[in-house]
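Below is the file entry-v4.cif, which contains mmCIF, C-alpha atoms and all ligand atoms.
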```cif
data_input
loop_
_atom_site.label_atom_id
_atom_site.label_comp_id
_atom_site.auth_asym_id
_atom_site.auth_seq_id
_atom_site.Cartn_x
_atom_site.Cartn_y
_atom_site.Cartn_z
CA MET A 12 170.19 308.02 242.49
CA GLU A 13 170.88 311.38 244.13
CA ASN A 14 170.60 310.03 247.65
CA VAL A 15 169.05 307.07 249.42
CA LYS A 16 166.37 309.15 251.16
CA ASP A 17 164.88 310.55 247.94
CA CYS A 18 165.09 307.15 246.34
CA LEU A 19 163.20 305.54 249.23
CA SER A 20 160.43 308.13 249.21
CA LYS A 21 160.02 307.60 245.46
CA LEU A 22 159.66 303.87 246.00
CA LYS A 23 157.20 304.41 248.86
CA ALA A 24 155.12 306.76 246.71
CA LYS A 25 154.91 304.03 244.07
CA GLY A 26 153.71 301.55 246.69
CA PHE A 27 156.83 299.36 246.79
CA LYS A 28 157.53 297.70 250.14
CA LEU A 29 160.88 298.59 251.68
CA THR A 30 162.15 295.36 253.18
CA PRO A 31 165.57 295.27 254.93
CA GLN A 32 166.91 293.21 252.00
CA ARG A 33 165.79 295.80 249.47
CA LEU A 34 167.31 298.54 251.63
CA ALA A 35 170.60 296.64 251.72
CA VAL A 36 170.67 296.52 247.91
CA ILE A 37 169.92 300.23 247.68
CA GLU A 38 172.62 301.07 250.24
CA HIS A 39 175.16 299.10 248.23
CA LEU A 40 174.27 301.08 245.14
CA GLU A 41 174.54 304.54 246.68
CA GLY A 42 177.65 306.25 245.33
CA ASN A 43 178.77 302.98 243.75
CA SER A 44 180.77 303.75 240.63
CA SER A 45 181.88 300.17 239.89
CA HIS A 46 178.84 299.47 237.66
CA PRO A 47 178.03 296.11 239.26
CA SER A 48 175.99 293.36 237.60
CA ALA A 49 173.10 291.75 239.48
CA SER A 50 175.35 288.86 240.51
CA ASP A 51 178.14 291.21 241.67
CA LEU A 52 175.61 292.95 243.91
CA PHE A 53 174.19 289.65 245.11
CA GLU A 54 177.67 288.49 246.20
CA GLU A 55 178.30 291.81 248.01
CA VAL A 56 174.96 292.05 249.82
CA LYS A 57 175.10 288.36 250.78
CA LYS A 58 178.11 289.08 252.99
CA LYS A 59 175.89 291.19 255.25
CA TYR A 60 172.57 289.44 254.59
CA PRO A 61 173.34 285.76 254.05
CA MET A 62 169.62 284.97 253.69
CA ILE A 63 169.08 287.28 250.71
CA SER A 64 168.05 285.63 247.45
CA PHE A 65 169.20 286.49 243.97
CA ALA A 66 165.55 287.12 243.05
CA THR A 67 165.33 289.86 245.70
CA VAL A 68 168.43 291.58 244.32
CA TYR A 69 167.13 291.25 240.79
CA ASN A 70 163.65 292.54 241.66
CA THR A 71 165.07 295.49 243.58
CA LEU A 72 167.16 296.43 240.54
CA ARG A 73 164.07 296.12 238.36
CA ILE A 74 161.96 298.47 240.51
CA LEU A 75 164.85 300.95 240.83
CA GLY A 76 164.95 301.00 237.04
CA GLU A 77 161.20 301.56 236.95
CA VAL A 78 161.46 304.69 239.10
CA GLN A 79 164.54 305.76 237.07
CA GLU A 80 166.93 305.68 240.01
CA ILE A 81 169.42 303.48 238.14
CA LYS A 82 170.49 303.00 234.54
CA GLN A 83 171.14 299.73 232.76
CA LEU A 84 174.32 299.31 230.76
CA THR A 85 174.74 296.63 228.13
CA ILE A 86 178.41 297.39 227.58
CA GLY A 87 179.68 293.97 228.65
CA SER A 88 179.22 291.03 226.32
CA ASP A 89 177.19 288.70 228.50
CA LYS A 90 175.60 290.65 231.35
CA VAL A 91 173.74 293.80 232.24
CA ASN A 92 175.48 296.27 234.54
CA PHE A 93 173.81 298.86 236.71
CA ASP A 94 174.69 302.48 237.33
CA PRO A 95 173.15 304.54 240.15
CA ASN A 96 174.58 307.66 238.51
CA THR A 97 171.73 308.73 236.24
CA GLU A 98 173.42 311.95 235.09
CA GLN A 99 174.42 312.07 231.42
CA HIS A 100 177.77 310.34 231.00
CA ASP A 101 179.44 307.71 228.84
CA HIS A 102 181.34 304.51 229.62
CA PHE A 103 184.62 302.86 228.82
CA PHE A 104 185.00 299.07 228.91
CA CYS A 105 188.52 297.70 229.38
CA ARG A 106 188.98 294.48 227.40
CA GLU A 107 192.00 293.65 229.56
CA CYS A 108 190.66 293.88 233.14
CA GLY A 109 186.93 294.02 232.38
CA LYS A 110 186.35 297.20 234.38
CA ILE A 111 183.65 299.63 233.35
CA MET A 112 184.60 303.24 233.93
CA ASP A 113 182.79 306.54 233.69
CA VAL A 114 184.09 308.79 230.96
CA PHE A 115 183.19 312.37 230.26
CA ARG A 116 183.56 313.86 226.82
CA LYS A 117 184.56 317.49 226.64
CA ASP A 118 182.73 317.91 223.36
CA ASN A 119 179.47 316.47 224.58
CA PRO A 120 176.87 318.17 222.45
CA GLU A 121 173.31 317.80 223.60
CA VAL A 122 171.59 316.06 220.71
CA LYS A 123 167.86 316.75 220.62
CA GLU A 124 167.11 315.50 217.14
CA ILE A 125 168.78 313.11 214.74
CA ASN A 126 167.55 312.23 211.22
CA GLY A 127 164.09 313.45 212.19
CA HIS A 128 163.95 311.36 215.38
CA CYS A 129 163.50 312.98 218.77
CA VAL A 130 166.40 312.06 221.10
CA HIS A 131 165.73 311.55 224.81
CA GLU A 132 169.15 310.31 225.76
CA CYS A 133 172.38 309.06 224.28
CA GLN A 134 174.72 306.37 225.64
CA ILE A 135 178.12 305.90 224.08
CA TYR A 136 180.25 302.86 224.87
CA PHE A 137 183.99 303.02 224.32
CA TYR A 138 186.03 299.79 224.19
CA GLY A 139 189.76 299.36 224.56
CA ILE A 140 192.50 299.12 227.17
CA CYS A 141 192.30 301.32 230.25
CA SER A 142 195.09 303.64 231.40
CA GLU A 143 196.02 301.35 234.31
CA CYS A 144 196.35 298.28 232.12
CA LEU A 145 198.37 300.34 229.63
CA LYS A 146 200.78 301.39 232.40
CA ALA A 147 201.08 297.80 233.64
CA SER A 148 201.89 296.50 230.16
CA GLN A 149 204.51 299.21 229.63
CA LYS A 150 206.27 298.18 232.85
CA GLU A 151 206.50 294.59 231.65
CA GLU A 152 208.31 295.55 228.47
ZN ZN A 201 192.05 297.68 232.45
ZN ZN A 202 178.58 305.30 234.97
#
```

When written as structure tokens, how does the structure in this file appear?
Ligand SMILES: [Zn+2]
Ligand SMILES: [Zn+2]
Amino acid sequence: MENVKDCLSKLKAKGFKLTPQRLAVIEHLEGNSSHPSASDLFEEVKKKYPMISFATVYNTLRILGEVQEIKQLTIGSDKVNFDPNTEQHDHFFCRECGKIMDVFRKDNPEVKEINGHCVHECQIYFYGICSECLKASQKEE
């Protein structure tokens, strides 16, 4: 999602209705680098729109995925997380605090072909303990 305006015109062009609830979900996603799950977003948007249903949040995420304005991450063990940053980047999952962070590899070769298969995109998930949790555990010792 580059910006909300482009995203909205894409949705309009596809014939999706832009209800205030859907707009609220989209606004919460703009520039959001916390990689929220559908229920995280539902809890957030509910603060401003108490009448919003989980189905609305879920459907909005589905149509945003359809127009390729968000990416789905399956880095966590039990839920899908969403990323409005559709640029090529990888993710780090902290097993201590559960945060999902953007990571950028310096040696990020653009793979176009692997074992005869044509590559469209590549997602790498790293798992471990994040720098903040490492610092916190060092203080305790
Ligand atoms: Zn952590
Ligand atoms: Zn990301």

Handout entry: Selection near segment 22-35 of chain A, 8 Å with all atoms listed in the file, sequence-local residues under 6 positions removed, as number ranges by chain
Key = A: 56, 60, 63, 67-68, 71, 75, 78

Exercise for the section: Using only C-alpha atoms, determine which residues lie at most 12 Å from Glu121 of chain A, disregarding the query and same-chain residues fewer than 5 positions distant; provide the list as a ChimeraX atom specification. Expected result: /A:99-100,116,129-134

Preceding selection exported with C-alpha atoms as a PDB file, in the frame of the given file:
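Result file is out.pdb:
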```pdb
ATOM      1  CA  GLN A  99     174.420 312.070 231.420  1.00  0.00           C
ATOM      2  CA  HIS A 100     177.770 310.340 231.000  1.00  0.00           C
ATOM      3  CA  ARG A 116     183.560 313.860 226.820  1.00  0.00           C
ATOM      4  CA  CYS A 129     163.500 312.980 218.770  1.00  0.00           C
ATOM      5  CA  VAL A 130     166.400 312.060 221.100  1.00  0.00           C
ATOM      6  CA  HIS A 131     165.730 311.550 224.810  1.00  0.00           C
ATOM      7  CA  GLU A 132     169.150 310.310 225.760  1.00  0.00           C
ATOM      8  CA  CYS A 133     172.380 309.060 224.280  1.00  0.00           C
ATOM      9  CA  GLN A 134     174.720 306.370 225.640  1.00  0.00           C
TER      10      GLN A 134
END
```

Exercise for the section: Could you jot down the atom CA of Glu13 of chain A to atom CA of Cys141 of chain A separation for me, Å, one decimal place? Expected result: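 Computing the Euclidean distance for atom CA of Glu13 of chain A and atom CA of Cys141 of chain A yields 27.4 Å.
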
Practice task
Using all atoms listed in the file, pick whichever of A:Ala147, A:Ile125, A:Ile111, A:Ile135 has the shortest atom-to-atom distance to His46 of chain A.
Solution key: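 Going through A:Ala147, A:Ile125, A:Ile111, A:Ile135 one by one, the smallest distance to His46 of chain A is for A:Ile111.
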
Problem - Spatial sel., origin (176.5, 307.7, 240.7), limit 8 Å, only C-alpha atoms, listed as number ranges by chain - result: A: 12-13, 41-44, 94-98

Could you write out that same residue set with C-alpha atoms as a PDB file, keeping the file's coordinate frame?
```pdb
ATOM      1  CA  MET A  12     170.190 308.020 242.490  1.00  0.00           C
ATOM      2  CA  GLU A  13     170.880 311.380 244.130  1.00  0.00           C
ATOM      3  CA  GLU A  41     174.540 304.540 246.680  1.00  0.00           C
ATOM      4  CA  GLY A  42     177.650 306.250 245.330  1.00  0.00           C
ATOM      5  CA  ASN A  43     178.770 302.980 243.750  1.00  0.00           C
ATOM      6  CA  SER A  44     180.770 303.750 240.630  1.00  0.00           C
ATOM      7  CA  ASP A  94     174.690 302.480 237.330  1.00  0.00           C
ATOM      8  CA  PRO A  95     173.150 304.540 240.150  1.00  0.00           C
ATOM      9  CA  ASN A  96     174.580 307.660 238.510  1.00  0.00           C
ATOM     10  CA  THR A  97     171.730 308.730 236.240  1.00  0.00           C
ATOM     11  CA  GLU A  98     173.420 311.950 235.090  1.00  0.00           C
TER      12      GLU A  98
END
```

Practice task
Rank A:Ser20, A:Asn14, A:Gly127, A:Tyr136 by their smallest atom-to-atom distance to Phe115 of chain A, using all atoms listed in the file, and report the top residue only.
Solution key: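 Of all the options, A:Tyr136 lies closest to Phe115 of chain A.
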
So that each row is one residue of chain A with an atom at most 7 Å from ligand ZN 201 (chain A), can you give its shortest atom pair and the distance in Å to one decimal, using all atoms listed in the file, rows by chain and rising number, as CSV?
```
residue,atom,partner,partner_atom,distance
A:Cys105,CA,A:ZN201,ZN,4.7
A:Arg106,CA,A:ZN201,ZN,6.7
A:Glu107,CA,A:ZN201,ZN,5.0
A:Cys108,CA,A:ZN201,ZN,4.1
A:Gly109,CA,A:ZN201,ZN,6.3
A:Lys110,CA,A:ZN201,ZN,6.0
A:Ile140,CA,A:ZN201,ZN,5.5
A:Cys141,CA,A:ZN201,ZN,4.3
A:Ser142,CA,A:ZN201,ZN,6.8
A:Glu143,CA,A:ZN201,ZN,5.7
A:Cys144,CA,A:ZN201,ZN,4.4
```

Exercise for the section: Just the residues within 8 Å of Pro47 of chain A, please, counting all atoms listed in the file, with nothing from its chain fewer than 3 positions along; format it as a ChimeraX atom specification. Expected result: /A:50-52,92-94

Practice task
Measuring atom to atom with all atoms listed in the file, identify which of A:Arg73, A:Glu152, A:Ile81, A:Phe65 is nearest to Val15 of chain A.
Solution key: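 Using all atoms listed in the file, the shortest distance to Val15 of chain A belongs to A:Ile81.
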
Practice task
Go ahead and compute the interatomic distance for atom CA of Met112 of chain A and atom CA of Glu124 of chain A, in Å to one decimal.
Solution key: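 Separation of atom CA of Met112 of chain A and atom CA of Glu124 of chain A: 27.2 Å.
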
Exercise for the section: Between A:Val36, A:Val114, A:Val122, A:Leu145, single out the one closest to ligand ZN 202 (chain A), counting only C-alpha atoms and all ligand atoms. Expected result: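 Once distances to ligand ZN 202 (chain A) are computed over only C-alpha atoms and all ligand atoms, the minimum belongs to A:Val114.
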
Handout entry: Pairwise distance for atom CA of Asp17 of chain A and atom CA of Ile37 of chain A, rounded to one decimal in Å
Key =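 One can read the atom CA of Asp17 of chain A to atom CA of Ile37 of chain A distance as 11.5 Å.
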
Exercise for the section: Choose the residue, out of A:Asn70, A:Asp113, A:Val91, A:Ser64, that has the smallest atom-to-atom separation from ligand ZN 202 (chain A); count only C-alpha atoms and all ligand atoms. Expected result: A:Asp113

Handout entry: Selected residue of minimal separation from ligand ZN 202 (chain A) among A:Ile74, A:Leu84, A:Ala49, A:Cys18, counting all atoms listed in the file
Key = A:Leu84

Step by step: locate segment 42-60 of chain A in the block above, keep C-alpha atoms, then write the file as a compact mmCIF listing (two decimals), in the first residue's frame.
```txt
# COMPACT_ATOMS: atom_id res chain seq x y z
CA GLY A 42 2.14 2.94 7.32
CA ASN A 43 1.49 0.23 9.92
CA SER A 44 4.66 -1.77 10.43
CA SER A 45 3.42 -3.88 13.35
CA HIS A 46 2.14 -6.68 11.05
CA PRO A 47 -1.24 -7.00 12.77
CA SER A 48 -3.46 -10.08 12.60
CA ALA A 49 -7.14 -9.71 11.70
CA SER A 50 -8.07 -9.78 15.39
CA ASP A 51 -5.41 -7.18 16.29
CA LEU A 52 -6.90 -4.87 13.68
CA PHE A 53 -10.43 -5.63 14.82
CA GLU A 54 -9.54 -4.62 18.40
CA GLU A 55 -7.89 -1.39 17.17
CA VAL A 56 -10.63 -0.29 14.77
CA LYS A 57 -13.34 -1.16 17.32
CA LYS A 58 -12.07 1.62 19.58
CA LYS A 59 -13.14 4.18 16.98
CA TYR A 60 -15.99 2.21 15.38
```
